[in-house]
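Colleague: My file is upload.csv. It has CSV, C-alpha atoms:
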```
chain,number,residue,atom,x,y,z
A,17,MET,CA,436.5,157.9,131.8
A,18,GLN,CA,436.0,160.4,128.9
A,19,ALA,CA,439.6,161.6,129.2
A,20,ALA,CA,440.9,158.0,129.3
A,21,LYS,CA,438.9,157.0,126.3
A,22,ALA,CA,440.0,160.1,124.3
A,23,PHE,CA,443.7,159.4,125.1
A,24,TYR,CA,443.7,155.7,124.2
A,25,ALA,CA,441.6,156.3,121.1
A,26,ALA,CA,444.3,158.7,119.9
A,27,VAL,CA,447.1,156.3,120.6
A,28,PHE,CA,445.7,152.9,119.5
A,29,GLY,CA,442.6,153.8,117.5
A,30,TRP,CA,440.2,152.1,119.8
A,31,ARG,CA,436.4,152.7,119.6
A,32,PHE,CA,434.3,152.3,122.7
A,33,GLU,CA,430.9,151.0,123.7
A,34,ASP,CA,429.6,152.2,127.1
A,35,LEU,CA,427.7,150.0,129.5
A,36,PRO,CA,426.2,150.8,132.9
A,37,THR,CA,427.7,149.7,136.2
A,38,PRO,CA,425.5,148.6,139.2
A,39,ASP,CA,426.2,151.8,141.0
A,40,GLY,CA,424.8,153.9,138.2
A,41,ARG,CA,428.1,154.9,136.5
A,42,SER,CA,429.4,153.3,133.3
A,43,TYR,CA,432.4,151.4,132.0
A,44,SER,CA,433.6,151.1,128.4
A,45,LYS,CA,434.6,148.1,126.2
A,46,ALA,CA,437.4,149.0,123.8
A,47,TYR,CA,437.4,147.5,120.3
A,48,LEU,CA,439.5,147.3,117.2
A,49,GLY,CA,437.0,146.7,114.5
A,50,ASP,CA,434.6,144.2,116.0
A,51,ASP,CA,437.2,142.6,118.3
A,52,LEU,CA,437.2,143.3,122.0
A,53,ILE,CA,440.6,144.5,123.2
A,54,THR,CA,440.2,145.6,126.8
A,55,VAL,CA,437.9,147.4,129.2
A,56,ILE,CA,438.2,150.9,130.8
A,57,ALA,CA,436.4,151.2,134.1
A,58,PRO,CA,435.9,154.0,136.7
A,59,GLN,CA,437.8,153.9,140.0
A,60,ASN,CA,436.0,152.9,143.1
A,61,PRO,CA,435.1,155.7,145.6
A,62,GLN,CA,438.1,154.9,147.8
A,63,GLN,CA,440.5,155.3,145.0
A,64,GLU,CA,438.8,158.5,143.8
A,65,SER,CA,438.9,160.1,147.3
A,66,SER,CA,442.5,159.2,147.9
A,67,GLY,CA,443.7,160.5,144.5
A,68,THR,CA,445.0,157.1,143.4
A,69,ALA,CA,446.6,157.2,140.0
A,70,ALA,CA,444.9,155.3,137.2
A,71,GLN,CA,446.3,151.8,136.6
A,72,TRP,CA,446.0,148.9,134.2
A,73,ASN,CA,445.0,145.5,135.7
A,74,ILE,CA,446.0,142.1,134.5
A,75,TYR,CA,443.6,139.1,134.9
A,76,PHE,CA,444.4,135.4,134.8
A,77,ALA,CA,441.5,133.3,133.5
A,78,VAL,CA,440.3,130.5,135.8
A,79,ALA,CA,437.6,127.9,135.8
A,80,ASP,CA,436.7,128.3,139.5
A,81,ALA,CA,437.4,131.7,141.2
A,82,GLY,CA,436.2,130.3,144.5
A,83,ALA,CA,438.8,127.5,144.5
A,84,VAL,CA,441.5,130.0,143.7
A,85,VAL,CA,440.5,132.1,146.7
A,86,GLU,CA,440.7,129.1,149.0
A,87,GLU,CA,444.1,128.1,147.7
A,88,THR,CA,445.7,131.5,147.7
A,89,PRO,CA,446.8,131.6,151.4
A,90,HIS,CA,448.3,128.1,151.0
A,91,ALA,CA,450.4,129.3,148.1
A,92,GLY,CA,451.7,132.2,150.1
A,93,GLY,CA,449.6,135.0,148.7
A,94,THR,CA,446.7,137.2,150.0
A,95,VAL,CA,443.2,137.8,148.8
A,96,GLU,CA,442.5,141.5,148.4
A,97,PHE,CA,439.0,141.4,147.0
A,98,GLY,CA,436.3,139.0,146.0
A,99,PRO,CA,435.1,136.7,144.7
A,100,GLU,CA,432.4,139.0,143.3
A,101,GLU,CA,430.0,138.2,140.4
A,102,VAL,CA,429.9,141.0,137.8
A,103,GLU,CA,426.4,140.4,136.5
A,104,ASP,CA,426.6,137.7,133.8
A,105,THR,CA,430.0,138.8,132.5
A,106,GLY,CA,432.1,136.8,135.0
A,107,VAL,CA,433.4,136.4,138.6
A,108,MET,CA,436.2,138.8,139.7
A,109,VAL,CA,438.9,138.3,142.3
A,110,PHE,CA,442.0,140.4,143.2
A,111,LEU,CA,444.9,138.7,145.0
A,112,ALA,CA,448.6,139.4,145.6
A,113,PRO,CA,451.5,137.0,145.4
A,114,PRO,CA,454.4,137.1,147.9
A,115,GLY,CA,456.2,140.4,147.4
A,116,GLY,CA,453.1,142.2,146.3
A,117,GLY,CA,451.7,143.0,142.9
A,118,THR,CA,447.9,143.1,142.7
A,119,THR,CA,446.7,140.4,140.3
A,120,GLY,CA,443.2,140.0,138.8
A,121,VAL,CA,441.6,136.6,138.5
A,122,TRP,CA,438.6,136.2,136.1
A,123,GLN,CA,436.2,133.3,135.9
A,124,PRO,CA,434.6,134.1,132.5
A,125,GLY,CA,430.9,134.3,131.9
A,126,THR,CA,429.8,136.2,128.8
A,127,HIS,CA,433.1,138.1,128.8
A,128,THR,CA,436.1,135.9,128.0
A,129,GLY,CA,438.8,138.5,127.5
A,130,THR,CA,440.8,140.1,124.7
A,131,ALA,CA,440.1,138.8,121.2
A,132,ARG,CA,443.5,139.8,119.9
A,133,TYR,CA,447.0,139.3,121.3
A,134,ASN,CA,450.5,140.5,120.2
A,135,GLU,CA,449.1,142.7,117.5
A,136,SER,CA,449.2,146.4,117.0
A,137,GLY,CA,446.8,148.1,119.4
A,138,ALA,CA,446.3,144.9,121.5
A,139,LEU,CA,447.9,143.5,124.6
A,140,ALA,CA,451.3,142.1,123.7
A,141,TRP,CA,452.9,141.1,127.0
A,142,ALA,CA,452.5,141.3,130.8
A,143,GLU,CA,455.3,141.4,133.3
A,144,LEU,CA,455.5,141.3,137.1
A,145,LEU,CA,458.3,143.3,138.8
A,146,THR,CA,458.7,141.9,142.3
A,147,PRO,CA,461.2,141.9,145.2
A,148,GLU,CA,460.5,138.2,145.7
A,149,PRO,CA,460.6,136.7,142.2
A,150,GLN,CA,461.3,133.1,143.3
A,151,ALA,CA,458.4,133.1,145.8
A,152,ALA,CA,456.1,134.7,143.1
A,153,VAL,CA,457.0,132.1,140.5
A,154,ALA,CA,456.2,129.3,143.0
A,155,PHE,CA,452.9,131.1,143.9
A,156,PHE,CA,451.7,131.1,140.3
A,157,GLN,CA,452.9,127.6,139.7
A,158,GLN,CA,450.9,126.3,142.7
A,159,LEU,CA,447.8,128.4,142.0
A,160,PHE,CA,447.6,128.0,138.2
A,161,GLY,CA,449.9,125.1,137.3
A,162,HIS,CA,452.2,127.1,135.1
A,163,GLU,CA,455.3,125.6,133.6
A,164,VAL,CA,458.2,128.1,133.5
A,165,THR,CA,461.2,129.0,131.4
A,166,GLU,CA,464.1,130.7,133.0
A,167,TYR,CA,466.5,133.1,131.3
A,168,PRO,CA,469.7,134.0,133.1
A,169,GLN,CA,470.5,137.8,132.9
A,170,ASP,CA,473.8,139.6,132.6
A,171,ASP,CA,473.4,141.0,136.2
A,172,GLY,CA,473.2,137.5,137.6
A,173,GLY,CA,469.5,137.5,138.1
A,174,THR,CA,466.8,135.4,136.3
A,175,TYR,CA,463.9,136.4,134.1
A,176,THR,CA,461.1,133.8,134.3
A,177,THR,CA,458.3,133.3,131.9
A,178,LEU,CA,455.0,131.6,132.9
A,179,MET,CA,453.8,129.1,130.3
A,180,VAL,CA,450.4,127.7,129.3
A,181,ASP,CA,450.4,124.8,126.8
A,182,GLY,CA,453.9,125.5,125.7
A,183,ALA,CA,453.3,129.2,125.1
A,184,GLU,CA,454.8,132.0,127.2
A,185,VAL,CA,452.0,134.2,128.6
A,186,ALA,CA,453.7,136.4,131.2
A,187,GLY,CA,457.1,137.3,132.7
A,188,ILE,CA,458.3,137.7,136.3
A,189,ALA,CA,461.4,139.8,136.9
A,190,PRO,CA,463.3,140.9,140.1
A,191,LEU,CA,462.7,144.5,141.1
A,192,PRO,CA,466.0,146.3,140.8
A,193,LEU,CA,467.8,146.8,144.1
A,194,GLU,CA,467.8,150.3,145.5
A,195,ASP,CA,471.4,151.0,144.6
A,196,GLU,CA,470.8,149.8,141.1
A,197,GLU,CA,467.8,152.1,140.9
A,198,ASP,CA,469.9,155.0,142.1
A,199,ASP,CA,472.5,154.3,139.4
A,200,GLU,CA,469.9,154.1,136.7
A,201,ALA,CA,468.2,157.2,137.9
A,202,ALA,CA,471.6,159.1,138.0
A,203,ASP,CA,472.2,157.9,134.4
A,204,ALA,CA,468.8,159.1,133.4
A,205,GLY,CA,469.3,162.4,135.1
A,206,ALA,CA,472.5,162.9,133.2
A,207,ASP,CA,470.7,162.4,129.9
A,208,ALA,CA,467.6,164.4,131.0
A,209,ASP,CA,467.9,166.9,128.1
A,210,ALA,CA,467.9,164.1,125.5
A,211,GLY,CA,464.2,163.4,125.5
A,212,ALA,CA,460.8,164.4,126.9
A,213,GLY,CA,460.1,163.2,130.4
A,214,ALA,CA,463.5,161.5,131.0
A,215,GLY,CA,465.0,161.9,134.4
A,216,ALA,CA,465.3,160.4,137.9
A,217,ASP,CA,461.7,161.0,138.9
A,218,THR,CA,460.1,159.5,135.8
A,219,GLU,CA,462.5,156.6,135.6
A,220,ASP,CA,461.7,155.8,139.2
A,221,GLN,CA,458.0,155.5,138.4
A,222,ALA,CA,458.7,152.7,136.0
A,223,LEU,CA,460.5,150.6,138.6
A,224,LYS,CA,457.9,150.0,141.2
A,225,ALA,CA,456.6,146.6,142.2
A,226,GLY,CA,453.6,145.4,140.3
A,227,TRP,CA,452.3,144.4,136.9
A,228,GLN,CA,453.4,146.2,133.7
A,229,VAL,CA,451.3,145.9,130.6
A,230,TYR,CA,452.7,146.1,127.1
A,231,PHE,CA,450.6,147.1,124.1
A,232,GLY,CA,451.7,146.2,120.6
A,233,VAL,CA,452.4,148.9,118.0
A,234,GLY,CA,453.6,148.9,114.4
A,235,SER,CA,456.0,151.8,114.8
A,236,ILE,CA,457.2,152.7,118.3
A,237,ALA,CA,458.3,156.1,117.1
A,238,GLU,CA,454.9,157.0,115.7
A,239,ALA,CA,453.1,155.6,118.8
A,240,VAL,CA,455.3,157.5,121.2
A,241,ALA,CA,454.7,160.7,119.3
A,242,ALA,CA,450.9,160.2,119.2
A,243,ALA,CA,450.9,159.4,123.0
A,244,VAL,CA,453.0,162.5,123.8
A,245,ALA,CA,450.7,164.7,121.6
A,246,ALA,CA,447.7,163.3,123.5
A,247,GLY,CA,449.3,164.2,126.9
A,248,ALA,CA,451.5,161.3,127.9
A,249,VAL,CA,454.9,161.5,129.6
A,250,VAL,CA,457.7,159.3,128.4
A,251,LEU,CA,459.2,157.5,131.4
A,252,VAL,CA,461.7,155.2,129.5
A,253,GLU,CA,462.7,156.2,126.0
A,254,PRO,CA,462.4,153.6,123.2
A,255,GLU,CA,465.1,151.0,123.5
A,256,ARG,CA,465.8,147.5,122.3
A,257,ASP,CA,464.4,144.8,124.7
A,258,GLY,CA,467.4,142.6,125.5
A,259,ASP,CA,467.1,140.0,122.8
A,260,GLU,CA,468.2,141.4,119.4
A,261,ASP,CA,465.2,139.7,117.8
A,262,ALA,CA,462.8,141.4,120.2
A,263,GLY,CA,461.0,144.6,119.3
A,264,ARG,CA,461.7,148.0,120.7
A,265,VAL,CA,460.0,149.1,123.9
A,266,ALA,CA,459.1,152.3,125.7
A,267,THR,CA,457.3,153.1,128.9
A,268,LEU,CA,454.9,156.0,129.4
A,269,SER,CA,452.5,157.5,131.8
A,270,ASP,CA,449.1,158.5,130.5
A,271,PRO,CA,447.6,161.9,131.5
A,272,GLN,CA,445.9,160.3,134.6
A,273,GLY,CA,449.1,158.6,135.8
A,274,GLY,CA,448.5,155.1,134.4
A,275,ILE,CA,451.8,153.5,133.4
A,276,PHE,CA,452.0,151.3,130.3
A,277,SER,CA,454.6,150.1,127.9
A,278,LEU,CA,454.7,149.9,124.1
A,279,LEU,CA,456.2,147.0,122.3
A,280,GLU,CA,457.0,147.1,118.6
A,281,VAL,CA,455.5,144.0,117.0
```
Taking this structure as input, can you express it in the form of structure tokens?

Modeller:
Amino acid sequence: MQAAKAFYAAVFGWRFEDLPTPDGRSYSKAYLGDDLITVIAPQNPQQESSGTAAQWNIYFAVADAGAVVEETPHAGGTVEFGPEEVEDTGVMVFLAPPGGGTTGVWQPGTHTGTARYNESGALAWAELLTPEPQAAVAFFQQLFGHEVTEYPQDDGGTYTTLMVDGAEVAGIAPLPLEDEEDDEAADAGADADAGAGAGADTEDQALKAGWQVYFGVGSIAEAVAAAVAAGAVVLVEPERDGDEDAGRVATLSDPQGGIFSLLEV
């Protein structure tokens, strides 16, 4: 916990307030000024004993976590944990859509989520990489009622965004096929001397199924430099994100193995 707090404070300037957990440990709320941004929590004993790398979780807000649990099998997904009341802060569930990708569900109590979005130092985007994108899209539509927008890609695939009240809130993208991963890894290996952490092994880490979180930054060059100085490894060097109007992106691994991306906003 202390190492994670020190790292993300160095990268995003977060300050922290520690609170106890029921098992006698503590978790930390991260703030920018007086605004809650996210929470950093300790792993459970099973994760600790197995040496599981740190990870960021994405939570979808719901009015009734119990109803979501009941509907999940009918939508083609699986319930991995919960529902569990977290004192007065809310009710937590973890489920997985078809194709995998652990997804948090949160019925808010006193904790309603991040107070900022798409700003420097705050969550800016969330994206699910999955081998079954069409089934995953149908799952989220059935479970949460999302409308969607589809964007055809140059490789013939489709990038889908989930929408709430006309606003895009998350993306779903097909996991690259194995031969595509091999080609990209080979290209990365050929350019391994061009930047810190580039290469087949690190590129591969950024292409696994699951949710990818993007944090906004004012300058991606400065943010990457700060992260590397604090112990991060660059998995994908800063690059333009498809749309010419979109900000530059980079993907990194924090010192405990947690993968996250930076998006210039």

Colleague: Would you compute the distance between atom CA of Leu144 of chain A and atom CA of Val164 of chain A? Give it in Å to one decimal.

Modeller: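 Going from atom CA of Leu144 of chain A over to atom CA of Val164 of chain A covers 13.9 Å.
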
Colleague: If you measure from atom CA of Pro89 of chain A to atom CA of Pro147 of chain A, what distance in Å do you get, rounded to one decimal?

Modeller: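 Spanning atom CA of Pro89 of chain A to atom CA of Pro147 of chain A is a straight-line distance of 18.8 Å.
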
Colleague: What separation in Å, quoted to one decimal, exists between atom CA of Ala91 of chain A and atom CA of Gln158 of chain A?

Modeller: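 According to the coordinates, atom CA of Ala91 of chain A and atom CA of Gln158 of chain A are separated by 6.2 Å.
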
Colleague: Smallest atom-to-atom distance to Ala242 of chain A: which of A:Tyr24, A:Trp227, A:Phe160, A:Phe97, using only C-alpha atoms?

Modeller: A:Tyr24

Colleague: Within 7 Å of segment 174-184 of chain A, counting only C-alpha atoms, which residues qualify if same-chain residues fewer than 3 places away don't, as a list of chain:residue names?

Modeller: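 Residues meeting the cut-off are A:His162, A:Glu163, A:Val164, A:Thr165, A:Glu166, A:Tyr167, A:Pro168, A:Gln169, A:Gly187, A:Ile188, A:Ala189.
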
Colleague: When you look at Asp104 of chain A with a cut-off of 12 Å (counting all atoms listed in the file), what residues show up, excluding the ones that are within fewer than 3 positions of it in the same chain? I need them as a PDB file with C-alpha atoms, in the frame of the given file.

Modeller:
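Once written, result_14.pdb looks like this:
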```
ATOM      1  CA  GLU A 100     432.400 139.000 143.300  1.00  0.00           C
ATOM      2  CA  GLU A 101     430.000 138.200 140.400  1.00  0.00           C
ATOM      3  CA  VAL A 107     433.400 136.400 138.600  1.00  0.00           C
ATOM      4  CA  MET A 108     436.200 138.800 139.700  1.00  0.00           C
ATOM      5  CA  GLN A 123     436.200 133.300 135.900  1.00  0.00           C
ATOM      6  CA  PRO A 124     434.600 134.100 132.500  1.00  0.00           C
ATOM      7  CA  GLY A 125     430.900 134.300 131.900  1.00  0.00           C
ATOM      8  CA  THR A 126     429.800 136.200 128.800  1.00  0.00           C
ATOM      9  CA  HIS A 127     433.100 138.100 128.800  1.00  0.00           C
ATOM     10  CA  THR A 128     436.100 135.900 128.000  1.00  0.00           C
TER      11      THR A 128
END
```

Colleague: Give the answer as one residue: which of A:Leu35, A:Ala69, A:Val121, A:Ala57 has the shortest atom-to-atom distance to Gln272 of chain A, using all atoms listed in the file?

Modeller: A:Ala69

Colleague: So which one's closest to Ser277 of chain A, A:Val233, A:Ala241, A:Leu52, A:Leu145? Using only C-alpha atoms, please.

Modeller: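 The answer is A:Val233, which sits nearest to Ser277 of chain A.
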
Colleague: Considering all atoms listed in the file, state which residue in the set A:Gln62, A:Val55, A:Gly92, A:Gly106 is at the smallest distance from Asp80 of chain A.

Modeller: A:Gly106

Colleague: Restricting the calculation to only C-alpha atoms: of A:Gln18, A:Gln157, A:Ser44, A:Thr54, which residue gets closest to Glu87 of chain A?

Modeller: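 Of A:Gln18, A:Gln157, A:Ser44, A:Thr54, the one nearest Glu87 of chain A, counting only C-alpha atoms, is A:Gln157.
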
Colleague: So that I can check the surroundings of Ile275 of chain A, please list as a list of chain:residue names every protein, DNA and RNA residue that reaches within 10 Å of it, counting only C-alpha atoms and ignoring chain neighbours fewer than 3 positions away.

Modeller: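 Within the cut-off, the hits are A:Ala69, A:Ala70, A:Gln71, A:Trp72, A:Gln221, A:Ala222, A:Trp227, A:Gln228, A:Val229, A:Tyr230, A:Ala248, A:Val249, A:Val250, A:Leu251, A:Thr267, A:Leu268, A:Ser269, A:Asp270, A:Pro271, A:Gln272.
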
Colleague: Tell me which protein, DNA and RNA residues are within 9 Å of Ala152 of chain A, counting all atoms listed in the file, leaving out same-chain ones fewer than 2 positions away, and put them as a list of chain:residue names.

Modeller: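 Near neighbours after the sequence-gap exclusion: A:Gly92, A:Gly93, A:Pro113, A:Pro114, A:Gly115, A:Gly116, A:Leu144, A:Thr146, A:Glu148, A:Pro149, A:Gln150, A:Ala154, A:Phe155, A:Phe156, A:Gln157, A:Ile188.
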
Colleague: Rank nothing, just name the residue among A:Glu86, A:Val78, A:Gly129, A:Phe231 nearest to Trp141 of chain A, using all atoms listed in the file.

Modeller: A:Phe231
